[in-house]
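Have a look at upload_39.txt; it's compact mmCIF, C-alpha atoms:
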```txt
# COMPACT_ATOMS: atom_id res chain seq x y z
CA MET A 10 0.00 0.00 0.00
CA VAL A 11 1.29 3.44 -0.88
CA ASN A 12 1.67 5.87 1.96
CA LYS A 13 -0.24 8.99 0.95
CA THR A 14 0.85 11.17 3.86
CA ILE A 15 2.24 14.34 2.38
CA LYS A 16 4.77 16.28 4.42
CA ARG A 17 4.10 19.98 4.08
CA ALA A 18 6.89 22.46 3.99
CA PRO A 19 6.44 25.22 6.57
CA ILE A 20 5.20 28.52 5.08
CA VAL A 21 8.33 30.35 6.26
CA ARG A 22 11.37 28.19 6.89
CA PRO A 23 13.02 29.11 10.22
CA SER A 24 16.47 29.07 8.59
CA LEU A 25 15.31 31.56 5.95
CA PHE A 26 13.83 33.76 8.64
CA LEU A 27 17.06 33.66 10.66
CA THR A 28 19.18 34.35 7.57
CA PHE A 29 17.06 37.42 6.74
CA LEU A 30 17.35 38.64 10.33
CA LEU A 31 21.13 38.24 10.40
CA LEU A 32 21.56 39.70 6.92
CA SER A 33 19.43 42.75 7.78
CA GLY A 34 21.45 43.30 10.95
CA TRP A 35 24.73 42.97 9.10
CA LEU A 36 23.65 45.28 6.26
CA TYR A 37 22.42 47.82 8.81
CA SER A 38 25.77 47.84 10.61
CA GLN A 39 27.67 48.30 7.32
CA ARG A 40 25.90 51.51 6.33
CA LEU A 41 28.01 54.58 7.11
CA SER A 42 24.89 56.75 7.30
CA ASN A 43 23.91 54.96 10.50
CA TYR A 44 26.91 56.39 12.31
CA TYR A 45 26.51 60.12 11.74
CA SER A 46 24.09 62.97 11.31
CA SER A 47 24.79 66.37 9.78
CA PHE A 48 22.99 69.67 10.06
CA PRO A 49 23.91 72.65 7.80
CA GLN A 50 23.86 76.05 9.50
CA GLU A 51 24.96 79.62 8.72
CA ASN A 52 28.36 79.09 10.38
CA GLY A 53 29.12 75.65 8.90
CA THR A 54 27.81 72.10 9.02
CA LEU A 55 27.37 70.49 12.41
CA TYR A 56 28.38 66.80 12.38
CA PHE A 57 27.54 64.26 15.04
CA LEU A 58 29.50 60.99 14.90
CA LYS A 59 28.65 58.00 17.04
CA THR A 60 30.30 54.65 16.46
CA ASP A 61 30.22 51.48 18.58
CA HIS A 62 33.73 51.72 20.05
CA LYS A 63 33.74 49.73 23.28
CA PHE A 64 36.56 50.54 25.68
CA ALA A 65 36.94 48.40 28.79
CA GLY A 66 39.15 48.47 31.85
CA PRO A 67 40.77 45.43 33.53
CA ASN A 68 38.30 42.51 33.90
CA ASN A 69 35.67 44.56 32.01
CA LYS A 70 34.62 46.13 35.32
CA THR A 71 34.75 49.63 33.87
CA THR A 72 33.63 50.68 30.40
CA LEU A 73 33.68 53.80 28.27
CA LYS A 74 31.82 54.92 25.17
CA PHE A 75 31.98 58.25 23.35
CA ASP A 76 30.54 60.43 20.62
CA ILE A 77 32.00 63.32 18.64
CA THR A 78 30.44 66.64 17.63
CA TYR A 79 32.23 68.81 15.09
CA LEU A 80 31.37 72.12 13.43
CA SER A 81 33.02 72.15 9.99
CA THR A 82 34.36 75.70 10.30
CA GLY A 83 36.24 75.00 13.53
CA ASP A 84 39.61 73.39 14.25
CA SER A 85 38.54 71.44 17.29
CA ALA A 86 35.89 68.81 17.89
CA THR A 87 33.96 68.02 21.07
CA LEU A 88 34.37 64.51 22.44
CA ASN A 89 31.65 63.60 24.95
CA PHE A 90 32.17 60.36 26.81
CA SER A 91 30.43 58.20 29.40
CA TYR A 92 32.61 56.29 31.83
CA PHE A 93 30.87 53.54 33.83
CA ASP A 94 32.37 52.52 37.15
CA ASN A 95 31.00 51.21 40.45
CA LYS A 96 33.06 53.88 42.23
CA LEU A 97 32.39 57.61 42.10
CA GLN A 98 35.28 59.34 40.37
CA LYS A 99 36.32 62.86 39.46
CA ILE A 100 38.02 62.72 36.06
CA GLU A 101 40.55 65.47 35.45
CA GLN A 102 41.87 64.66 31.99
CA LEU A 103 41.73 62.16 29.17
CA THR A 104 44.74 60.92 27.23
CA TRP A 105 44.76 58.96 23.98
CA HIS A 106 47.79 56.68 23.61
CA VAL A 107 48.43 56.10 19.92
CA ALA A 108 51.74 54.35 19.18
CA ASP A 109 54.31 56.75 20.73
CA THR A 110 52.08 59.81 20.57
CA LEU A 111 49.88 61.11 23.37
CA PHE A 112 46.86 63.39 22.88
CA THR A 113 45.71 64.91 26.17
CA ALA A 114 42.60 66.97 26.84
CA LYS A 115 41.26 68.59 30.02
CA THR A 116 37.79 67.26 30.85
CA SER A 117 34.68 69.03 32.18
CA MET A 118 31.88 67.14 33.90
CA LEU A 119 28.40 67.15 32.38
CA PHE A 120 26.85 64.95 35.10
CA THR A 121 27.40 61.90 37.28
CA GLU A 122 24.35 59.68 37.82
CA PRO A 123 23.55 56.09 38.84
CA ARG A 124 22.97 53.53 36.04
CA LYS A 125 21.91 50.08 37.29
CA ASN A 126 24.80 48.97 39.55
CA ASN A 127 27.28 51.54 38.23
CA TRP A 128 27.81 55.28 38.08
CA GLU A 129 27.72 57.00 34.72
CA HIS A 130 30.36 59.74 34.63
CA ARG A 131 29.48 61.93 31.65
CA TYR A 132 32.29 64.28 30.64
CA THR A 133 33.23 66.48 27.71
CA CYS A 134 36.58 67.55 26.24
CA GLN A 135 38.02 69.21 23.15
CA LEU A 136 40.43 67.62 20.67
CA SER A 137 41.72 69.00 17.39
CA PHE A 138 40.20 67.58 14.20
CA GLN A 139 43.68 66.58 13.04
CA ALA A 140 44.29 64.68 16.28
CA LEU A 141 41.08 62.70 15.70
CA VAL A 142 42.21 61.85 12.16
CA THR A 143 45.56 60.56 13.52
CA ILE A 144 43.95 58.62 16.40
CA PHE A 145 41.41 56.74 14.28
CA ALA A 146 43.89 55.97 11.52
CA ALA A 147 46.07 54.08 14.02
CA PRO A 148 45.99 50.26 14.12
CA GLN A 149 45.45 50.23 17.89
CA ALA A 150 44.91 52.81 20.66
CA LYS A 151 44.09 53.04 24.34
CA LEU A 152 42.62 55.67 26.63
CA ALA A 153 43.79 56.81 30.04
CA LEU A 154 41.65 58.78 32.46
CA GLN A 155 43.43 60.84 35.09
CA VAL A 156 41.68 60.48 38.45
CA LYS A 157 43.52 62.26 41.31
CA GLN A 158 46.93 60.56 41.40
CA GLU A 159 45.70 57.45 39.60
CA GLN A 160 45.35 56.55 35.91
CA ILE A 161 42.52 54.35 34.66
CA VAL A 162 43.49 52.65 31.41
CA LEU A 163 40.80 51.42 29.02
CA GLU A 164 41.27 49.50 25.78
CA PRO A 165 38.99 48.27 23.01
CA SER A 166 39.32 44.77 21.56
CA ARG A 167 41.47 44.69 18.42
CA LYS A 168 38.50 43.64 16.25
CA ASN A 169 36.22 46.34 17.67
CA TRP A 170 38.88 49.03 17.24
CA GLN A 171 39.65 48.09 13.64
CA LYS A 172 36.02 47.90 12.51
CA GLN A 173 34.79 51.02 14.28
CA SER A 174 37.88 53.13 13.57
CA ASP A 175 37.64 52.28 9.89
CA ILE A 176 34.06 53.64 9.90
CA LEU A 177 35.11 56.76 11.83
CA SER A 178 38.12 57.36 9.55
CA GLN A 179 35.86 57.25 6.50
CA LEU A 180 33.46 59.73 8.13
CA LEU A 181 36.34 62.08 9.05
CA SER A 182 37.58 61.91 5.44
CA MET A 183 34.06 62.75 4.24
CA ILE A 184 33.95 65.78 6.58
CA ALA A 185 37.40 66.95 5.41
CA ILE A 186 36.27 66.81 1.77
CA ASN A 187 33.08 68.74 2.52
CA ARG A 188 34.88 71.53 4.41
CA MET B 25 -11.77 24.92 2.68
CA LYS B 26 -7.99 24.46 2.92
CA LYS B 27 -7.44 27.80 1.22
CA LEU B 28 -9.76 29.49 3.66
CA LYS B 29 -7.91 27.90 6.57
CA PHE B 30 -4.61 29.14 5.17
CA LEU B 31 -5.98 32.67 4.70
CA VAL B 32 -7.32 32.77 8.24
CA LEU B 33 -3.94 31.59 9.58
CA ALA B 34 -2.04 34.14 7.48
CA ALA B 35 -4.33 36.96 8.58
CA GLY B 36 -3.94 35.88 12.21
CA ALA B 37 -0.16 35.78 11.89
CA ALA B 38 -0.12 39.23 10.27
CA LEU B 39 -2.28 40.60 13.07
CA MET B 40 -0.02 39.13 15.71
CA LEU B 41 3.17 40.31 14.05
CA SER B 42 1.84 43.83 13.71
CA SER B 43 1.99 44.19 17.47
CA CYS B 44 5.60 43.03 17.64
CA ALA B 45 8.59 45.27 18.12
CA MET B 46 7.44 48.13 15.93
CA VAL B 47 8.11 51.71 16.86
CA LEU B 48 4.61 53.13 16.85
CA THR B 49 5.67 56.77 16.53
CA SER B 50 7.41 56.15 13.19
CA PRO B 51 5.72 58.13 10.37
CA LEU B 52 5.97 55.06 8.11
CA THR B 53 5.75 51.36 8.85
CA GLY B 54 7.87 48.66 7.23
CA GLY B 55 6.76 45.16 8.20
CA LEU B 56 10.04 43.48 7.23
CA TYR B 57 12.43 46.34 7.74
CA SER B 58 12.18 50.02 8.55
CA ASP B 59 14.72 52.77 9.19
CA VAL B 60 12.99 56.13 9.26
CA LYS B 61 14.18 59.53 10.45
CA ALA B 62 11.61 62.23 11.12
CA PRO B 63 11.21 65.58 12.88
CA VAL B 64 9.88 65.97 16.41
CA LEU B 65 10.03 69.71 16.99
CA ALA B 66 11.83 72.95 16.10
CA THR B 67 12.14 76.04 18.29
CA ALA B 68 12.89 79.72 17.64
CA ASN B 69 16.32 79.43 19.33
CA ALA B 70 19.12 80.38 16.95
CA GLY B 71 21.94 78.01 15.95
CA SER B 72 23.31 74.84 17.48
CA SER B 73 26.77 73.65 18.36
CA LYS B 74 25.92 70.59 20.44
CA VAL B 75 24.14 67.31 19.67
CA GLY B 76 22.85 64.82 22.21
CA THR B 77 21.16 61.46 21.75
CA ALA B 78 19.10 59.05 23.79
CA GLU B 79 17.60 55.71 22.81
CA ALA B 80 15.27 52.91 23.80
CA GLN B 81 15.03 49.33 22.45
CA SER B 82 12.31 46.75 22.18
CA ILE B 83 12.61 42.99 21.58
CA LEU B 84 9.64 41.10 20.07
CA GLY B 85 7.34 43.76 21.44
CA LEU B 86 7.63 41.92 24.75
CA VAL B 87 10.54 43.69 26.42
CA ALA B 88 11.20 47.40 26.04
CA THR B 89 13.96 49.26 27.84
CA GLY B 90 15.79 52.55 27.60
CA ASP B 91 15.26 56.25 27.98
CA ALA B 92 14.66 58.12 24.74
CA SER B 93 13.54 61.35 26.37
CA ILE B 94 14.53 64.80 25.13
CA GLU B 95 15.71 65.55 28.67
CA THR B 96 18.23 62.68 28.63
CA ALA B 97 19.45 63.51 25.13
CA ALA B 98 19.91 67.20 25.99
CA LYS B 99 21.68 66.36 29.23
CA SER B 100 24.09 63.98 27.47
CA ALA B 101 25.59 66.90 25.56
CA GLY B 102 25.03 69.70 28.07
CA ILE B 103 22.33 71.38 25.96
CA THR B 104 20.33 74.08 27.73
CA LYS B 105 18.74 75.78 24.69
CA ILE B 106 17.12 73.38 22.21
CA HIS B 107 17.18 74.29 18.53
CA HIS B 108 15.42 71.25 17.07
CA VAL B 109 14.75 67.56 17.77
CA ASP B 110 14.73 64.62 15.33
CA LYS B 111 13.84 60.99 15.88
CA GLN B 112 14.98 57.78 14.21
CA ALA B 113 12.99 54.56 14.36
CA THR B 114 14.41 51.25 13.14
CA SER B 115 12.85 47.82 13.14
CA ILE B 116 14.00 44.47 11.75
CA LEU B 117 11.23 41.92 11.14
CA GLY B 118 9.34 43.35 14.08
CA ILE B 119 11.81 41.49 16.30
CA ILE B 120 14.33 44.17 17.20
CA ALA B 121 13.33 47.81 17.25
CA THR B 122 15.15 50.93 18.36
CA TYR B 123 13.91 54.46 18.89
CA LYS B 124 16.50 57.22 18.97
CA ILE B 125 16.16 60.93 19.72
CA TYR B 126 18.63 63.56 18.43
CA VAL B 127 18.60 66.93 20.19
CA TYR B 128 20.42 69.89 18.62
CA GLY B 129 21.10 73.09 20.56
CA GLU B 130 23.43 75.25 22.60
```
Rewritten as structure tokens:
Amino acid sequence: MVNKTIKRAPIVRPSLFLTFLLLSGWLYSQRLSNYYSSFPQENGTLYFLKTDHKFAGPNNKTTLKFDITYLSTGDSATLNFSYFDNKLQKIEQLTWHVADTLFTAKTSMLFTEPRKNNWEHRYTCQLSFQALVTIFAAPQAKLALQVKQEQIVLEPSRKNWQKQSDILSQLLSMIAINR
Amino acid sequence: MKKLKFLVLAAGAALMLSSCAMVLTSPLTGGLYSDVKAPVLATANAGSSKVGTAEAQSILGLVATGDASIETAAKSAGITKIHHVDKQATSILGIIATYKIYVYGE
């Protein structure tokens, strides 16, 4: 006797669904337009750059993320950063370590507030546009925050630095061309 | 009869999915994928030199977290005079959705 049971294929295969989800996510992360916004004004174009650089301290207990605001007619850019730590800190300055070069900027506090089990220390500082170009063209970099007599060193993973700095370098080149 | 059953199931699925992780304040809706930027407000304040952002996320329309308020975005950049505010809503398959606010000002 012939078995007439017909196995139906599901309307949407789970693998197809998952592939579309992953592909959409990947395509979204590749688009440069997702990492900046620009606003033309009388005194130049205001750019806002925000990548997914993830800096972490020893044992990932402290983290830092940042964004950059730049007015195309100026020489310096504003770097706003959030430093997450379970201790309250007063950050005096920020230093980028890029190969043998150091870029230091005095920091000003925007606010310090609790976030889950940590404190968010939100600070701002100024860096020259050229310094940013040099920093994000480097193959690796680390950040040091000066807290009283102590230095807190934070580093991104090599993969994260390379991917995100490549995006930021392209955006900085775009800004330089549009100036 | 089978066709009717299929149509009822498809309509039911569409109805259920429409309440998934969509950002309801988006001016346009994309069922599979959406990435829309739109205005929120503009004020009479002149010029802007600072930009602040804040965002909230939703997963499957079941869990939503974050703070996408203008207050948080303005505070993140030290903005005291708001020039204008934009919003960006993204959604992938109604599974992951983000809502982001951009505040421009001084």
#### Entry: Long-range neighbours of range 133-150 of chain A as a list in words, 6 Å cut-off, all atoms listed in the file, 4 positions minimum in chain
Asp84, Ser85, Ala86, Thr87, Leu88, Asn89, His106, Val107, Thr116, Ser117, Ser174 and Ser178 of chain A
### Task
Specify as a PyMOL selection string all residues of chain A found within 10 Å of chain B, counting only C-alpha atoms.
chain A and resi 20+26+29-31+33-34+37+43+46-59+76-80+87-91+118-120+131-133
Take the residues from that selection and write them out as a PDB file, in the coordinates of the input, keeping C-alpha atoms.
```pdb
ATOM      1  CA  ILE A  20       5.200  28.520   5.080  1.00  0.00           C
ATOM      2  CA  PHE A  26      13.830  33.760   8.640  1.00  0.00           C
ATOM      3  CA  PHE A  29      17.060  37.420   6.740  1.00  0.00           C
ATOM      4  CA  LEU A  30      17.350  38.640  10.330  1.00  0.00           C
ATOM      5  CA  LEU A  31      21.130  38.240  10.400  1.00  0.00           C
ATOM      6  CA  SER A  33      19.430  42.750   7.780  1.00  0.00           C
ATOM      7  CA  GLY A  34      21.450  43.300  10.950  1.00  0.00           C
ATOM      8  CA  TYR A  37      22.420  47.820   8.810  1.00  0.00           C
ATOM      9  CA  ASN A  43      23.910  54.960  10.500  1.00  0.00           C
ATOM     10  CA  SER A  46      24.090  62.970  11.310  1.00  0.00           C
ATOM     11  CA  SER A  47      24.790  66.370   9.780  1.00  0.00           C
ATOM     12  CA  PHE A  48      22.990  69.670  10.060  1.00  0.00           C
ATOM     13  CA  PRO A  49      23.910  72.650   7.800  1.00  0.00           C
ATOM     14  CA  GLN A  50      23.860  76.050   9.500  1.00  0.00           C
ATOM     15  CA  GLU A  51      24.960  79.620   8.720  1.00  0.00           C
ATOM     16  CA  ASN A  52      28.360  79.090  10.380  1.00  0.00           C
ATOM     17  CA  GLY A  53      29.120  75.650   8.900  1.00  0.00           C
ATOM     18  CA  THR A  54      27.810  72.100   9.020  1.00  0.00           C
ATOM     19  CA  LEU A  55      27.370  70.490  12.410  1.00  0.00           C
ATOM     20  CA  TYR A  56      28.380  66.800  12.380  1.00  0.00           C
ATOM     21  CA  PHE A  57      27.540  64.260  15.040  1.00  0.00           C
ATOM     22  CA  LEU A  58      29.500  60.990  14.900  1.00  0.00           C
ATOM     23  CA  LYS A  59      28.650  58.000  17.040  1.00  0.00           C
ATOM     24  CA  ASP A  76      30.540  60.430  20.620  1.00  0.00           C
ATOM     25  CA  ILE A  77      32.000  63.320  18.640  1.00  0.00           C
ATOM     26  CA  THR A  78      30.440  66.640  17.630  1.00  0.00           C
ATOM     27  CA  TYR A  79      32.230  68.810  15.090  1.00  0.00           C
ATOM     28  CA  LEU A  80      31.370  72.120  13.430  1.00  0.00           C
ATOM     29  CA  THR A  87      33.960  68.020  21.070  1.00  0.00           C
ATOM     30  CA  LEU A  88      34.370  64.510  22.440  1.00  0.00           C
ATOM     31  CA  ASN A  89      31.650  63.600  24.950  1.00  0.00           C
ATOM     32  CA  PHE A  90      32.170  60.360  26.810  1.00  0.00           C
ATOM     33  CA  SER A  91      30.430  58.200  29.400  1.00  0.00           C
ATOM     34  CA  MET A 118      31.880  67.140  33.900  1.00  0.00           C
ATOM     35  CA  LEU A 119      28.400  67.150  32.380  1.00  0.00           C
ATOM     36  CA  PHE A 120      26.850  64.950  35.100  1.00  0.00           C
ATOM     37  CA  ARG A 131      29.480  61.930  31.650  1.00  0.00           C
ATOM     38  CA  TYR A 132      32.290  64.280  30.640  1.00  0.00           C
ATOM     39  CA  THR A 133      33.230  66.480  27.710  1.00  0.00           C
TER      40      THR A 133
END
```
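Between Thr89 in chain B and the candidates B:Thr122, B:Gln112, B:Lys105, B:Gly129, the tightest atom-to-atom separation, counting only C-alpha atoms, involves B:Thr122.
Comparing the minimum interatomic distances between Lys124 in chain B and each of B:His108, B:Ser93, B:Ala78, B:Leu84, counting all atoms listed in the file, we find that B:Ala78 sits nearest.
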### Distance of CA of Val109 in chain B from CA of Arg188 in chain A, expressed in Å to one decimal place
24.5 Å
